[in-house]
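Engineer: Please read through the structure below; I'll follow up with questions.
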Amino acid sequence: MRFSMLPSVLAQMFKKPWTNKFPAKYAPSNTTKYLEDVGAGKAKINPPIETPPDFRGKIVYDKEKCIGCQLCIKVCPCEAIEFKPKEKKIKIYLARCCFCSQCNDICPVKCLSMSDEFLLAEADPYAKELIVE
Amino acid sequence: MSQTQTTKTTYHIPIGPIHPALKEPVYFEFEIAGEKIVDVDVKLGHVHRAVEWASRKRNPIQILYLAERICGICSYCHPAAFTLAVEKIADIEVPERAEYLRVIQGELERITSHLLWAGVAAHEIGFDTVLYLTWQIREKVLDLTEYLTGNRITKGIMMIGGIRRDITKDMLPRIKKDLEYYKECYDKLGKVFLNDKTVKMRSQDAGILTKDEAMKLCAVGPTTRASGVKKDVRVDTSYFAYGDLDIECITPEVLTGEVNGDVYDRIIQRLLEVKQAIELIEDCIDKMPSGDIVAEPKLAKLLNQLKKANGEAIGIHEAPRGEVIHYVKMDGNEAPFTWKVRAPTYNNILPWIPMLKGEQIADIPIVAASTDPCMSCTNRVGIVKDGRKYELTKEQLHKLSIAKTRRLMK
C-alpha cells in the first residue's frame, strides 16, 4: 500500500484541533495590557485544562499544626525545605521543589498538602509567591 | 607530461561526543568511501553528570527521585531497579498487590517509550505523518499515566517496599476504556508500519545485526530480540509479579516467520511488545489481589531500617530499551556507599558498528535510531574534506535522509 496514512490525514483536516488555547485564544500583541484588561474585567482568560485527581501542585503549609520535627527536611530530594530554629517552623522554596509530595507522606501531623495550583512561573526564584512559610 | 595520480581515499566523519542521536555523549568516527560507510569507531566515556556522586549524601528515599532524573523516558525503570537492589539489601518483602501495580506502571512506560520510538523512527525516514499519529496515541497513554500517578513524565510513584499510589475500583472503567482505545490504535499503527511501502523500502535489509554478533556484543532489549536472541529479564528472572503472569519472550518470528535482524525487524519487535504490554496490563488488572501497597507505611521507620542495612545487591529490570542494572552497596550509613548504574543504551552502542558498516550516510539516522538511543539531541556531523572542514547539521542529515526516500520512491 502506498498511501496508508492518507485516510487519517484527510479525516484530520475536518477535526477540531485538540489544543486548548490557554490563556488567550490568540496571542495578544501586548501581554501586560491584556493582563490589565483581565484585571479590569474587560477581557476573559481561556481556562486551562482541569488537573487530574491527586495532582501535585503548590504545597500548602498549615503553620499552626507543624510541630517542627524536621522529618520533611530529611526526605526532601532537592533540599527545598529550610528549618527556622527560632520559631521551630519550616520554610519551603518552591523554585527548588520537584513536587514529589514526599514531605506530605512523611509528615506525622499532616500539616502539609498539595494544592491544584500549577502556574508558578516567576522571574525571581525568591519571589514572595514562591516561598511557602 | 606529468601523470596525475588517482588514488581512492576515504573520508573521516566524526560524530559526537555531544550528539543529538545519543542519549549519552559518545564519539563516533566514520570512515566513508563515497556514500558507503567502510568503518566505524566508537569511543565511550564522555558522560559524567555526577548523578552517582550526588547519591553519596542522600538517603535511599531521596535517591529514588534522583534516579528518576537519569532519563526522562525511563523515569520509572531507574527507580525500579534501584528499589529492587535496596530491598534485597534491607530484606524488605513487598506486598503482592504492590508487585502487580509495579508491573502495570512498568508496562505503561514500555508503551509510551515504544510509541515515542516509532514516531522518531518514522520522522528519521521523512514520514512525518506517522510521527503525528504515534504521538497522538502516546498522548493518550500519557493521560492515563497522569491519571494513575499524578504526573505525565516524572511519575514519582516508586517507593522502597511498595508503590505510592493504589488503583482503586472506580479507576478501573477508565483504564479499561483506554486500553480498548490503544488496541484499536495498535491495529491501525500495525497496518501503517507493516504494509506501507515507504517504511519497508528504508528499513528492510538496512542495519543488519546478526544473531551471533548480537550475542557477542551483549546487545540487550528489543535490539537483541529483533536479531533472534531470546533474552528478556522479565522471562529469565522472576521479579515484581512477572513470575505469576503469562509472559513469553517474543521475537519477530511470531509475525513474519523469519528473523533478519534488520531495522524492519526492530520495528516489528517493538510493535509486538506494545501489544504484549497491553495484554500484560489487562492480565494484571484481572489477577491483582487486594491488600497493602507498601511494606512499611511509616516512612520514618523505613528510613531507620534502611540506615541499619548493610550489604550489597544488584537490581535488574527490563526497561523499554533493555536490561537496566543498578548496583548498590550500603554500609550502615544513611547514604549508600556506592551506587552504580548501567543503562541499556550502553550495551546497544557497540552493535552500531556491525549495523552501520556498508550502509550509506543517509542511513545513519534511521540505523542509529533503531536501537532507540535518545534522538532528541543528535546531529551535528563534521566532515573533513581536503583539509577543509564543513559541518552537517541535524537538519541537513535529515534532508539527506528524506532525499533518499524520495529517490527510492521514483
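Chain labels run A, B, ... following the order of the C-alpha cells; each chain numbers its residues from 1, and ligands are numbered from 1 in the order shown.
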Using 10 Å as the limit and counting only C-alpha atoms, can you tabulate each residue of chain A that touches chain B, with its shortest atom-to-atom distance in Å and the two atoms involved, as a tab-separated table?
Structural biologist:
residue	atom	partner	partner_atom	distance
A:Met1	CA	B:Asp196	CA	5.3
A:Arg2	CA	B:Lys197	CA	5.5
A:Phe3	CA	B:Asp196	CA	7.3
A:Ser4	CA	B:Val192	CA	5.7
A:Met5	CA	B:Val192	CA	6.7
A:Leu6	CA	B:Thr129	CA	9.1
A:Ser8	CA	B:Leu133	CA	8.5
A:Val9	CA	B:Thr129	CA	7.6
A:Thr51	CA	B:Gly150	CA	8.9
A:Pro52	CA	B:Tyr147	CA	6.0
A:Pro53	CA	B:Tyr147	CA	7.1
A:Asp54	CA	B:Gly150	CA	6.1
A:Phe55	CA	B:Gly150	CA	5.0
A:Arg56	CA	B:Gly150	CA	6.5
A:Gly57	CA	B:Gly150	CA	9.7
A:Leu71	CA	B:Ala300	CA	7.5
A:Cys72	CA	B:Ala300	CA	9.8
A:Lys74	CA	B:Asn59	CA	8.3
A:Val75	CA	B:Gln62	CA	5.8
A:Cys76	CA	B:Gln62	CA	6.4
A:Pro77	CA	B:Gln62	CA	4.4
A:Cys78	CA	B:Gln62	CA	8.0
A:Glu79	CA	B:Gln62	CA	9.6
A:Cys98	CA	B:Tyr65	CA	8.8
A:Phe99	CA	B:Gly156	CA	8.8
A:Cys100	CA	B:Gly156	CA	5.9
A:Ser101	CA	B:Gly156	CA	8.6
A:Gln102	CA	B:Ile61	CA	8.8
A:Asp105	CA	B:Leu299	CA	7.6
A:Ile106	CA	B:Leu299	CA	5.7
A:Cys107	CA	B:Leu299	CA	9.1
A:Pro108	CA	B:Lys298	CA	9.0
Engineer: I want to know what sits within 12 Å of A:Thr19, based on only C-alpha atoms, with residues of the same chain fewer than 5 positions away left out; could you give that as an MDAnalysis selection string?
Structural biologist: (chainID A and resid 24:25 46 48:49) or (chainID B and resid 136)
Engineer: DSSP on the backbone: what in stretch 14-45 of chain A comes out alpha helix (DSSP H), as a list in words?
Structural biologist: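 Residues meeting the alpha helix (DSSP H) criterion: Thr31, Thr32, Lys33, Tyr34, Leu35, Glu36, Asp37, Val38, Gly39 and Ala40 of chain A.
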Engineer: From the DSSP assignment of the backbone, select every residue of stretch 143-314 of chain B that is strand (DSSP E), and format the answer as a PyMOL selection string.
Structural biologist: chain B and resi 158-159+162-163+310-314
Engineer: Of the candidates B:Pro320, B:Gly162, B:Gly106, B:Gly207, which shows the shortest atom-to-atom distance to B:Glu359, using only C-alpha atoms?
Structural biologist: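 Checking each candidate against B:Glu359, we get B:Gly207 as the closest.
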Engineer: I'd like the interatomic distance between atom CA of B:Lys230 and atom CA of B:Lys183, to a tenth of an Å.
Structural biologist: 25.2 Å
Engineer: Which neighbours of B:Ile37 fall inside 12 Å, counting only C-alpha atoms, when residues of the same chain fewer than 3 positions from it are skipped, and could you give them as a PyMOL selection string?
Structural biologist: chain B and resi 10-13+29-34+40-41+207+352-364
Engineer: Restrict the selected residues to N, CA, C and O atoms and save them as a compact mmCIF listing (two decimals), in the first residue's frame.
Structural biologist:
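What ended up in part_29.txt:
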# COMPACT_ATOMS: atom_id res chain seq x y z
N THR B 10 39.53 7.56 1.49
CA THR B 10 38.29 7.56 2.26
C THR B 10 38.26 8.82 3.12
O THR B 10 39.29 9.41 3.42
N TYR B 11 37.08 9.23 3.47
CA TYR B 11 36.91 10.40 4.32
C TYR B 11 36.56 9.98 5.73
O TYR B 11 35.98 8.92 5.94
N HIS B 12 36.90 10.85 6.67
CA HIS B 12 36.53 10.58 8.06
C HIS B 12 35.44 11.54 8.49
O HIS B 12 35.53 12.73 8.27
N ILE B 13 34.40 11.01 9.08
CA ILE B 13 33.35 11.87 9.63
C ILE B 13 33.27 11.62 11.13
O ILE B 13 32.89 10.53 11.55
N GLU B 29 33.56 7.82 14.85
CA GLU B 29 34.35 8.24 13.71
C GLU B 29 34.00 7.34 12.55
O GLU B 29 34.22 6.13 12.60
N PHE B 30 33.41 7.91 11.52
CA PHE B 30 33.04 7.14 10.34
C PHE B 30 34.12 7.26 9.28
O PHE B 30 34.66 8.34 9.06
N GLU B 31 34.40 6.15 8.65
CA GLU B 31 35.29 6.20 7.50
C GLU B 31 34.40 5.97 6.30
O GLU B 31 33.71 4.96 6.20
N ILE B 32 34.42 6.95 5.39
CA ILE B 32 33.46 6.93 4.29
C ILE B 32 34.17 6.84 2.95
O ILE B 32 35.14 7.57 2.70
N ALA B 33 33.70 5.94 2.11
CA ALA B 33 34.17 5.91 0.72
C ALA B 33 32.97 6.28 -0.13
O ALA B 33 32.06 5.48 -0.30
N GLY B 34 32.97 7.50 -0.64
CA GLY B 34 31.80 7.97 -1.39
C GLY B 34 30.63 8.10 -0.44
O GLY B 34 30.65 8.90 0.47
N VAL B 40 33.55 2.04 11.28
CA VAL B 40 33.02 2.89 12.34
C VAL B 40 33.84 2.64 13.58
O VAL B 40 34.20 1.50 13.88
N ASP B 41 34.14 3.71 14.29
CA ASP B 41 34.82 3.55 15.55
C ASP B 41 34.00 4.27 16.62
O ASP B 41 33.52 5.37 16.40
N GLY B 207 20.87 -1.87 8.20
CA GLY B 207 21.37 -2.01 9.57
C GLY B 207 21.22 -3.40 10.14
O GLY B 207 20.65 -3.57 11.21
N TRP B 352 26.11 -0.92 16.99
CA TRP B 352 26.04 0.03 15.88
C TRP B 352 27.13 -0.24 14.85
O TRP B 352 26.93 0.01 13.67
N ILE B 353 28.28 -0.74 15.31
CA ILE B 353 29.41 -0.94 14.38
C ILE B 353 29.05 -1.94 13.28
O ILE B 353 29.11 -1.59 12.10
N PRO B 354 28.64 -3.18 13.62
CA PRO B 354 28.24 -4.08 12.53
C PRO B 354 27.01 -3.60 11.77
O PRO B 354 26.87 -3.86 10.58
N MET B 355 26.13 -2.86 12.47
CA MET B 355 24.91 -2.36 11.80
C MET B 355 25.24 -1.34 10.73
O MET B 355 24.67 -1.33 9.65
N LEU B 356 26.17 -0.44 11.04
CA LEU B 356 26.42 0.70 10.15
C LEU B 356 27.39 0.38 9.02
O LEU B 356 27.39 1.06 8.00
N LYS B 357 28.20 -0.64 9.18
CA LYS B 357 29.19 -0.97 8.15
C LYS B 357 28.49 -1.34 6.85
O LYS B 357 27.61 -2.20 6.83
N GLY B 358 28.90 -0.68 5.76
CA GLY B 358 28.31 -0.99 4.46
C GLY B 358 27.05 -0.23 4.16
O GLY B 358 26.50 -0.35 3.08
N GLU B 359 26.60 0.60 5.13
CA GLU B 359 25.39 1.40 4.86
C GLU B 359 25.79 2.74 4.26
O GLU B 359 26.96 3.07 4.17
N GLN B 360 24.77 3.54 3.89
CA GLN B 360 25.05 4.87 3.36
C GLN B 360 24.92 5.93 4.44
O GLN B 360 24.32 5.68 5.48
N ILE B 361 25.47 7.12 4.15
CA ILE B 361 25.41 8.21 5.14
C ILE B 361 23.96 8.51 5.49
O ILE B 361 23.61 8.73 6.63
N ALA B 362 23.10 8.49 4.46
CA ALA B 362 21.69 8.81 4.69
C ALA B 362 21.00 7.79 5.58
O ALA B 362 19.92 8.06 6.12
N ASP B 363 21.63 6.62 5.77
CA ASP B 363 21.01 5.61 6.63
C ASP B 363 21.42 5.76 8.09
O ASP B 363 20.85 5.10 8.95
N ILE B 364 22.42 6.62 8.35
CA ILE B 364 22.89 6.74 9.74
C ILE B 364 21.74 7.07 10.70
O ILE B 364 21.56 6.39 11.70
Engineer: Which residues, written as a PyMOL selection string, have at least one atom at most 10 Å from A:Ala127, with only C-alpha atoms counted and residues fewer than 4 positions away on the same chain left out?
Structural biologist: chain A and resi 93-95+122-123+131
